Structure formats: structure tokens, C-alpha cells
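Novice: Below is the file run_23.cif, with mmCIF, C-alpha atoms and all ligand atoms.
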```cif
data_data
loop_
_atom_site.label_atom_id
_atom_site.label_comp_id
_atom_site.auth_asym_id
_atom_site.auth_seq_id
_atom_site.Cartn_x
_atom_site.Cartn_y
_atom_site.Cartn_z
CA MET A 22 -53.14 -16.70 17.86
CA ASN A 23 -55.24 -13.63 18.64
CA PHE A 24 -53.86 -10.34 19.89
CA ASN A 25 -54.68 -11.02 23.52
CA MET A 26 -52.89 -14.38 23.49
CA LEU A 27 -49.89 -12.77 21.84
CA LEU A 28 -49.71 -10.19 24.65
CA MET A 29 -50.07 -12.81 27.37
CA SER A 30 -47.25 -14.84 25.86
CA LEU A 31 -44.91 -11.91 26.46
CA LEU A 32 -45.08 -12.60 30.20
CA PRO A 33 -44.19 -15.88 31.91
CA LYS A 34 -46.98 -18.36 32.54
CA GLN A 35 -49.34 -17.59 35.45
CA ALA A 36 -48.97 -20.44 37.95
CA SER A 37 -50.24 -18.94 41.21
CA THR A 38 -53.45 -17.45 42.56
CA GLY A 39 -51.91 -13.96 42.74
CA ALA A 40 -50.39 -13.90 39.26
CA ALA A 41 -53.46 -12.59 37.41
CA GLU A 42 -53.85 -9.67 39.82
CA SER A 43 -50.21 -8.73 39.39
CA ASP A 44 -50.47 -8.92 35.60
CA PHE A 45 -53.63 -6.79 35.65
CA ALA A 46 -51.76 -3.96 37.42
CA PHE A 47 -48.93 -4.34 34.93
CA TRP A 48 -51.20 -4.12 31.87
CA VAL A 49 -53.12 -1.12 33.25
CA VAL A 50 -49.90 0.85 33.60
CA PHE A 51 -48.63 -0.47 30.28
CA TRP A 52 -51.72 0.62 28.31
CA ILE A 53 -51.83 4.04 29.97
CA CYS A 54 -48.24 4.52 28.81
CA VAL A 55 -49.07 3.35 25.29
CA PHE A 56 -52.13 5.65 25.11
CA PHE A 57 -50.25 8.78 26.18
CA GLY A 58 -47.18 7.83 24.20
CA LEU A 59 -49.28 7.70 21.05
CA ILE A 60 -50.64 11.19 21.75
CA ILE A 61 -47.52 12.91 23.04
CA ILE A 62 -44.83 11.60 20.68
CA PRO A 63 -46.63 12.47 17.38
CA ALA A 64 -47.72 15.82 18.84
CA THR A 65 -44.14 16.65 19.82
CA ILE A 66 -42.90 15.84 16.33
CA TYR A 67 -45.75 17.81 14.72
CA PHE A 68 -45.19 20.92 16.87
CA ALA A 69 -41.44 20.80 16.40
CA ILE A 70 -41.93 20.97 12.62
CA ARG A 71 -44.98 23.27 12.53
CA TYR A 72 -43.57 25.88 14.91
CA ARG A 73 -39.87 25.65 14.12
CA LYS A 74 -37.99 28.96 13.84
CA LYS A 75 -38.45 30.42 10.37
CA GLY A 76 -36.53 33.60 9.70
CA LYS A 77 -36.64 36.41 12.28
CA PRO A 78 -39.59 35.89 14.63
CA GLY A 79 -41.70 38.78 15.81
CA LEU A 80 -42.46 38.44 19.52
CA THR A 81 -46.10 37.66 20.29
CA ASN A 82 -48.02 37.51 23.52
CA GLY A 83 -48.61 33.84 24.30
CA PRO A 84 -51.77 32.55 25.94
CA THR A 85 -51.79 33.24 29.68
CA HIS A 86 -54.46 31.21 31.39
CA SER A 87 -57.13 28.56 30.77
CA THR A 88 -59.13 27.41 33.76
CA PHE A 89 -60.65 24.57 31.79
CA LEU A 90 -57.27 23.20 30.69
CA GLU A 91 -55.73 23.52 34.13
CA PHE A 92 -58.65 21.76 35.73
CA PHE A 93 -58.52 19.05 33.08
CA TRP A 94 -54.84 18.26 33.34
CA THR A 95 -54.95 18.21 37.12
CA ALA A 96 -58.08 16.12 37.64
CA VAL A 97 -57.56 13.44 35.00
CA PRO A 98 -54.01 12.42 36.02
CA THR A 99 -55.03 12.56 39.70
CA LEU A 100 -57.84 10.11 39.09
CA MET A 101 -55.63 7.84 37.05
CA ILE A 102 -52.84 7.84 39.61
CA PHE A 103 -55.36 7.19 42.36
CA PHE A 104 -56.66 4.19 40.44
CA ILE A 105 -53.12 2.85 39.99
CA PHE A 106 -52.48 3.41 43.69
CA VAL A 107 -55.59 1.44 44.66
CA ILE A 108 -54.84 -1.60 42.52
CA GLY A 109 -51.19 -1.45 43.59
CA PHE A 110 -52.01 -1.14 47.27
CA VAL A 111 -54.68 -3.86 47.32
CA GLY A 112 -52.34 -6.14 45.38
CA PHE A 113 -49.46 -5.36 47.73
CA MET A 114 -51.55 -6.18 50.82
CA ASP A 115 -52.68 -9.45 49.25
CA PHE A 116 -49.08 -10.27 48.44
CA TYR A 117 -47.67 -9.22 51.79
CA VAL A 118 -50.10 -10.73 54.29
CA ALA A 119 -50.04 -14.51 54.14
CA PRO A 120 -53.20 -16.48 55.01
CA SER A 121 -52.95 -17.74 58.59
CA ASP A 122 -53.11 -21.39 57.51
CA ALA A 123 -50.12 -21.05 55.17
CA GLU A 124 -47.44 -23.71 55.53
CA GLU A 125 -44.03 -22.24 56.36
CA ILE A 126 -40.89 -23.18 54.49
CA ARG A 127 -37.61 -21.60 55.50
CA VAL A 128 -35.25 -20.28 52.86
CA THR A 129 -31.58 -19.56 53.43
CA GLY A 130 -29.56 -17.76 50.81
CA ARG A 131 -25.79 -17.61 50.77
CA GLN A 132 -22.99 -17.03 48.31
CA TRP A 133 -24.00 -18.87 46.12
CA SER A 134 -26.73 -21.35 46.81
CA TRP A 135 -30.15 -21.82 48.41
CA THR A 136 -31.32 -24.18 51.13
CA PHE A 137 -35.02 -24.83 51.73
CA SER A 138 -36.01 -26.39 55.02
CA TYR A 139 -39.37 -27.98 55.66
CA ALA A 140 -41.31 -29.38 58.59
CA ASN A 141 -39.45 -27.47 61.32
CA GLY A 142 -36.07 -28.04 59.76
CA SER A 143 -36.19 -31.84 59.78
CA VAL A 144 -36.08 -31.87 55.98
CA GLU A 145 -33.65 -29.84 53.90
CA TYR A 146 -33.35 -29.65 50.17
CA SER A 147 -31.64 -27.52 47.54
CA GLU A 148 -34.80 -27.14 45.44
CA LEU A 149 -38.13 -25.70 46.51
CA THR A 150 -40.86 -28.34 46.43
CA VAL A 151 -44.42 -27.23 47.18
CA PRO A 152 -47.87 -28.79 47.08
CA ILE A 153 -50.44 -27.43 44.65
CA GLY A 154 -53.54 -25.61 45.88
CA ARG A 155 -52.33 -24.66 49.35
CA PRO A 156 -50.88 -21.33 50.57
CA ILE A 157 -47.13 -21.52 51.22
CA LYS A 158 -45.20 -18.91 53.15
CA LEU A 159 -41.46 -18.58 52.64
CA VAL A 160 -39.61 -17.26 55.68
CA MET A 161 -36.27 -16.14 54.39
CA SER A 162 -32.86 -14.97 55.53
CA SER A 163 -29.30 -14.75 54.29
CA GLU A 164 -26.02 -15.95 55.75
CA ASP A 165 -23.92 -13.24 54.14
CA VAL A 166 -24.97 -10.50 51.71
CA ILE A 167 -28.39 -9.50 50.38
CA HIS A 168 -29.92 -11.99 47.95
CA SER A 169 -33.41 -11.96 46.48
CA VAL A 170 -35.84 -14.76 45.77
CA TYR A 171 -37.66 -14.37 42.47
CA ILE A 172 -40.17 -16.86 41.06
CA PRO A 173 -41.49 -15.38 37.79
CA VAL A 174 -44.39 -17.83 37.26
CA PHE A 175 -45.79 -16.93 40.71
CA ARG A 176 -45.08 -13.18 40.25
CA VAL A 177 -43.35 -13.02 43.64
CA LYS A 178 -40.02 -11.51 44.60
CA MET A 179 -38.49 -10.57 47.94
CA ASP A 180 -35.02 -9.79 49.26
CA THR A 181 -33.31 -12.08 51.75
CA VAL A 182 -31.36 -9.97 54.20
CA PRO A 183 -28.67 -11.01 56.71
CA ASN A 184 -29.73 -10.80 60.38
CA ARG A 185 -33.43 -10.47 59.76
CA TYR A 186 -36.33 -12.42 58.31
CA SER A 187 -38.36 -11.45 55.30
CA SER A 188 -41.27 -13.38 53.86
CA LEU A 189 -43.52 -13.88 50.89
CA TRP A 190 -46.36 -16.24 50.13
CA PHE A 191 -48.09 -17.82 47.15
CA GLU A 192 -50.49 -20.58 46.25
CA ALA A 193 -49.43 -22.62 43.24
CA THR A 194 -52.12 -23.48 40.70
CA GLU A 195 -50.26 -25.59 38.18
CA ILE A 196 -48.15 -28.71 38.58
CA GLY A 197 -44.74 -28.39 36.98
CA SER A 198 -41.13 -27.41 37.42
CA TYR A 199 -40.26 -23.71 37.24
CA ASP A 200 -37.24 -21.44 37.73
CA LEU A 201 -36.28 -19.66 40.94
CA TYR A 202 -33.60 -16.99 40.60
CA CYS A 203 -31.54 -14.73 42.80
CA THR A 204 -32.22 -11.21 41.49
CA GLU A 205 -29.82 -9.29 43.69
CA TYR A 206 -26.34 -9.05 42.29
CA CYS A 207 -24.43 -10.81 45.06
CA GLY A 208 -20.94 -11.45 43.73
CA ASP A 209 -18.95 -13.72 41.43
CA ALA A 210 -21.25 -16.69 41.01
CA HIS A 211 -24.54 -14.78 41.35
CA SER A 212 -25.77 -16.14 38.03
CA ARG A 213 -25.44 -19.68 39.34
CA MET A 214 -28.03 -19.06 42.09
CA VAL A 215 -30.70 -20.61 39.94
CA THR A 216 -32.76 -23.49 41.23
CA LYS A 217 -36.13 -25.14 40.65
CA VAL A 218 -39.57 -24.78 42.15
CA ASN A 219 -41.36 -28.10 41.85
CA VAL A 220 -45.12 -27.88 42.19
CA VAL A 221 -46.44 -31.36 43.00
CA SER A 222 -49.64 -32.99 44.19
CA GLU A 223 -50.34 -33.18 47.93
CA GLU A 224 -49.57 -36.89 47.82
CA ASP A 225 -46.18 -36.39 46.14
CA TYR A 226 -45.40 -33.59 48.59
CA GLN A 227 -45.92 -35.86 51.61
CA LYS A 228 -43.77 -38.48 49.88
CA PHE A 229 -41.06 -35.89 49.24
CA LEU A 230 -41.03 -34.97 52.94
CA LYS A 231 -40.81 -38.61 53.98
CA ASP A 232 -38.03 -39.45 51.51
CA ASN A 233 -35.86 -36.56 52.64
CA GLN A 234 -36.20 -36.97 56.38
CA GLY A 235 -33.17 -37.83 58.49
CA GLU A 236 -29.43 -37.67 57.99
CA LYS A 237 -27.89 -36.28 54.86
CA SER A 238 -25.21 -37.90 52.78
CA GLY A 239 -22.02 -36.00 52.05
CA GLU A 240 -23.16 -35.59 48.48
CA GLN A 241 -26.41 -33.93 49.60
CA LEU A 242 -24.54 -31.69 52.04
CA TYR A 243 -22.22 -30.61 49.23
CA THR A 244 -25.18 -28.75 47.64
CA LEU A 245 -27.20 -28.05 50.80
CA ARG A 246 -24.35 -26.30 52.61
CA GLY A 247 -23.30 -24.40 49.52
CA CYS A 248 -19.89 -26.02 48.93
CA VAL A 249 -21.07 -26.48 45.32
CA ALA A 250 -20.61 -22.76 44.62
CA CYS A 251 -16.82 -22.92 45.02
CA HIS A 252 -15.78 -26.59 44.71
CA SER A 253 -16.28 -28.89 41.74
CA LEU A 254 -16.30 -32.69 41.80
CA ASP A 255 -14.78 -33.21 38.37
CA GLY A 256 -11.27 -31.81 38.84
CA SER A 257 -11.92 -28.34 37.39
CA PRO A 258 -10.99 -25.46 39.70
CA LYS A 259 -13.73 -23.00 40.66
CA ILE A 260 -13.17 -20.36 43.34
CA GLY A 261 -11.66 -23.13 45.45
CA PRO A 262 -9.87 -26.36 44.48
CA SER A 263 -11.88 -29.30 43.13
CA TRP A 264 -12.55 -32.09 45.63
CA LYS A 265 -11.74 -34.77 43.11
CA GLY A 266 -8.83 -36.91 44.22
CA ILE A 267 -7.60 -34.64 47.02
CA TYR A 268 -8.24 -37.08 49.85
CA GLY A 269 -5.01 -38.68 51.06
CA THR A 270 -2.79 -36.63 48.76
CA GLU A 271 -0.22 -33.99 49.64
CA ARG A 272 -1.65 -30.46 49.58
CA PRO A 273 0.71 -27.53 48.93
CA LEU A 274 -0.10 -24.59 51.24
CA ALA A 275 0.30 -20.87 50.64
CA ASN A 276 2.87 -20.60 53.45
CA GLY A 277 5.23 -22.90 51.53
CA SER A 278 4.70 -26.04 53.62
CA SER A 279 2.49 -28.95 52.71
CA VAL A 280 0.13 -31.35 54.48
CA ILE A 281 -1.49 -34.70 53.80
CA ALA A 282 -5.24 -34.28 53.23
CA ASP A 283 -6.45 -36.66 55.93
CA ASP A 284 -9.60 -36.43 58.06
CA ASN A 285 -8.04 -33.89 60.43
CA TYR A 286 -6.89 -31.63 57.63
CA ILE A 287 -10.33 -31.64 56.00
CA LYS A 288 -12.12 -30.95 59.26
CA GLN A 289 -9.70 -28.11 59.97
CA SER A 290 -10.27 -26.74 56.43
CA ILE A 291 -14.01 -26.63 57.09
CA ILE A 292 -14.13 -25.09 60.56
CA ASP A 293 -11.10 -22.80 60.22
CA PRO A 294 -10.19 -22.53 56.53
CA ASN A 295 -7.79 -19.64 56.88
CA SER A 296 -5.46 -21.65 59.12
CA GLN A 297 -4.31 -23.68 56.08
CA VAL A 298 -4.83 -21.89 52.79
CA VAL A 299 -4.17 -23.99 49.70
CA LYS A 300 -1.45 -22.57 47.47
CA GLY A 301 -2.74 -20.66 44.44
CA TYR A 302 -6.18 -19.93 45.91
CA PRO A 303 -7.54 -16.91 47.76
CA ALA A 304 -8.43 -17.20 51.46
CA ALA A 305 -12.05 -16.82 50.40
CA MET A 306 -13.74 -19.72 52.11
CA PRO A 307 -16.25 -18.92 54.87
CA ALA A 308 -15.58 -20.75 58.18
CA TYR A 309 -18.25 -23.34 58.95
CA VAL A 310 -17.61 -23.11 62.71
CA ASP A 311 -21.00 -24.53 63.69
CA MET A 312 -21.06 -27.48 61.32
CA PRO A 313 -22.16 -30.56 63.30
CA GLU A 314 -19.72 -33.46 63.64
CA GLU A 315 -21.96 -35.88 61.68
CA GLU A 316 -22.06 -33.52 58.73
CA ILE A 317 -18.29 -33.07 58.69
CA ASN A 318 -17.88 -36.87 58.79
CA ALA A 319 -20.35 -37.33 55.97
CA ILE A 320 -18.47 -34.81 53.83
CA ILE A 321 -15.13 -36.49 54.56
CA ASP A 322 -16.62 -39.87 53.57
CA PHE A 323 -17.92 -38.34 50.37
CA MET A 324 -14.45 -36.92 49.53
CA LYS A 325 -12.88 -40.33 50.03
CA GLU A 326 -15.10 -41.64 47.24
CA LEU A 327 -13.98 -38.93 44.81
CA LYS A 328 -10.95 -40.74 43.48
CU CU A 401 -27.61 -14.12 45.40
#
```
Mind turning the file's structure into C-alpha cells?

Specialist:
Amino acid sequence: MNFNMLLMSLLPKQASTGAAESDFAFWVVFWICVFFGLIIIPATIYFAIRYRKKGKPGLTNGPTHSTFLEFFWTAVPTLMIFFIFVIGFVGFMDFYVAPSDAEEIRVTGRQWSWTFSYANGSVEYSELTVPIGRPIKLVMSSEDVIHSVYIPVFRVKMDTVPNRYSSLWFEATEIGSYDLYCTEYCGDAHSRMVTKVNVVSEEDYQKFLKDNQGEKSGEQLYTLRGCVACHSLDGSPKIGPSWKGIYGTERPLANGSSVIADDNYIKQSIIDPNSQVVKGYPAAMPAYVDMPEEEINAIIDFMKELK
């Protein structure tokens, strides 16, 4: 492995058209820092030793003015900073302004999951799947607090903010499965907001869209609507109770009474969770007031299966 390859391996793989440009800006700033660090740090140590206080000093008149030096240390950093500004600004414009033929995919962040919706919302999925070799624009928002989409192999990152849209774009250059993180600390289960970006061929992308069209099963909705962040399926409590085996059983409530977990109770728990808080748990569940009837039914059917 030569030196250049060693350096490159310190950064994640470059899997988008913009990645090399972003890395170039990074390395320019990095090597400027190394260069000046190597001059300034040894010089500081040398001067500290060479001119340390020895005995009683006699006061001397220090140097007062050097036009050459002042010109030098003004002009050189100005040029360097201007150069950094230019590569940063050009790179930022390239990153910010998506090509007009970019395909839009909507991204919704929430505590603590992501939903990606394709083809005008007719397809939804909990992972980001994109075709290779085509510009993709993510149009993003949040249902609660600020989250941030970060895809290291594409060198892109942008906040998702409640009540407004933000966007970013990229063009993937390598087929594979990569990580997508939330990089804005957003509460308890922030670290679980990790999902995958799957870069696939155009053919596989069209197949993916076709396969995921239409109604969702309760199991799919469990991840798509973010229930997964607070409810497990295996009996272990998370922020909320596990869904395993609750259907049809008696649920103890915080107000001391209890109810049978039938269809009505589950629907009520989804659209108005604070009306019946389960004993031993915080009233921390968001109300899914707008959840369509078919989705609620699908979730109830899914819970029935979780014996
Ligand atoms: Cu987050």
C-alpha cells in the first residue's frame, strides 16, 4: 500500500459523483494545517527554550516595524483563504443545486426512524433504495425534532427540520449497500436511527418500485410508521410495552383500572394514546390522529399474530 492509498483509506469509500470534490477540499485544508503545524509547533518550542528568562533581564528595544514581513503575512494567508473559499463555494453550489432532471425521493424523519417515499408517495420503504448513475434529490422533513441525514460514502449531509423542507442530491457511482445515519442528537434512541442506502441497477430499481407498490402489511407499517422505535415484537420492553402477546389480554392502566386489548382499545391507543396509558410506562407515545383506517386495521391484524 503506498502513502496515497493509506491516506484515502482513512476516509469512507467514494461512491458518488460529488465525493472526490468534497475530499479534495478536505485534503487541501488538511495539508495546509499540517504544513503550518510543522513550522509553528517546532518554532514555538525552540523559541520558548532559546529565549526563556535567564537571570535578571536587561530591557531592550524590540523591533518596531517591517514592511516586508507585514506585507508577506497579510498577502499569503489572504490568497490561501481565498483559494479555500473558492473551492468551498463551488463545491457548495454543486452540492446544493440539484440537476433539473433529478428524481425526487421524499424523506421523513421522526423519533426514531426514517421513511422514504418514492413515485409520488405510492411506494414507501424504511431503507433508501436508489438507482446507480442517475441524480437523486432527497426532499426532506421531520415530524418532530431536528434530525439530520448523513450518508458518508456520498459525502452528503443535511438537517431535516419540522415544518419546512430541506433537500440534498447525489448521483451514486457504485452498486452496494451503505450506511445512512441521523447525525443530530434527537433523543433517547437517536443511535438507532441507522438505516441502509441500497444502490442498485436501473432494472432492480424499477423492480423494487413495482414490488413495493400498494397496501402495506402491518409488519411493514410497524417500521414505516416508526412504531419500531418504542415497541418490540419479542416481549422485551422498550420505551413502550412490547406488542408480543398483548392482543386479547387484560391491560393494566395507570389510572388503576384495566381493559381488554381488543380492536377498539388498540385503535384508541393509536389515535389518542394518552386516554389510556399503560401502567408502568410514560405517556410518551405520539398520537397518530391521521392514521388511515386501513393502516390501523393492518396493524391490529399484525398484533393478533404476535402470540
Ligand atoms: Cu434523529

Novice: As a PyMOL selection string, please: the residues near stretch 206-221 of chain A (cut-off 6 Å, only C-alpha atoms, same-chain neighbours under 2 positions excluded).

Specialist: chain A and resi 133-134+148-153+196-203+225

Novice: Excluding same-chain residues fewer than 4 positions from A:Tyr309, what lies within 8 Å of it counting only C-alpha atoms, as a VMD selection string?

Specialist: chain A and resid 291 to 293

Novice: So how many Å separate atom CA of A:Arg176 and atom CA of A:Leu59, to one decimal?

Specialist: 28.7 Å

Novice: List as a PyMOL selection string the protein and nucleic acid residues near stretch 34-50 of chain A, meaning an atom at most 9 Å away when only C-alpha atoms are counted, but skip any in the same chain fewer than 2 places from it.

Specialist: chain A and resi 29-30+32+52-55+105+108-109+112+115-116+154+173-177+191-196

Novice: Using atom CA of A:Val182 and atom CA of A:Glu164 as the two end points, give the distance in Å to one decimal.

Specialist: 8.2 Å
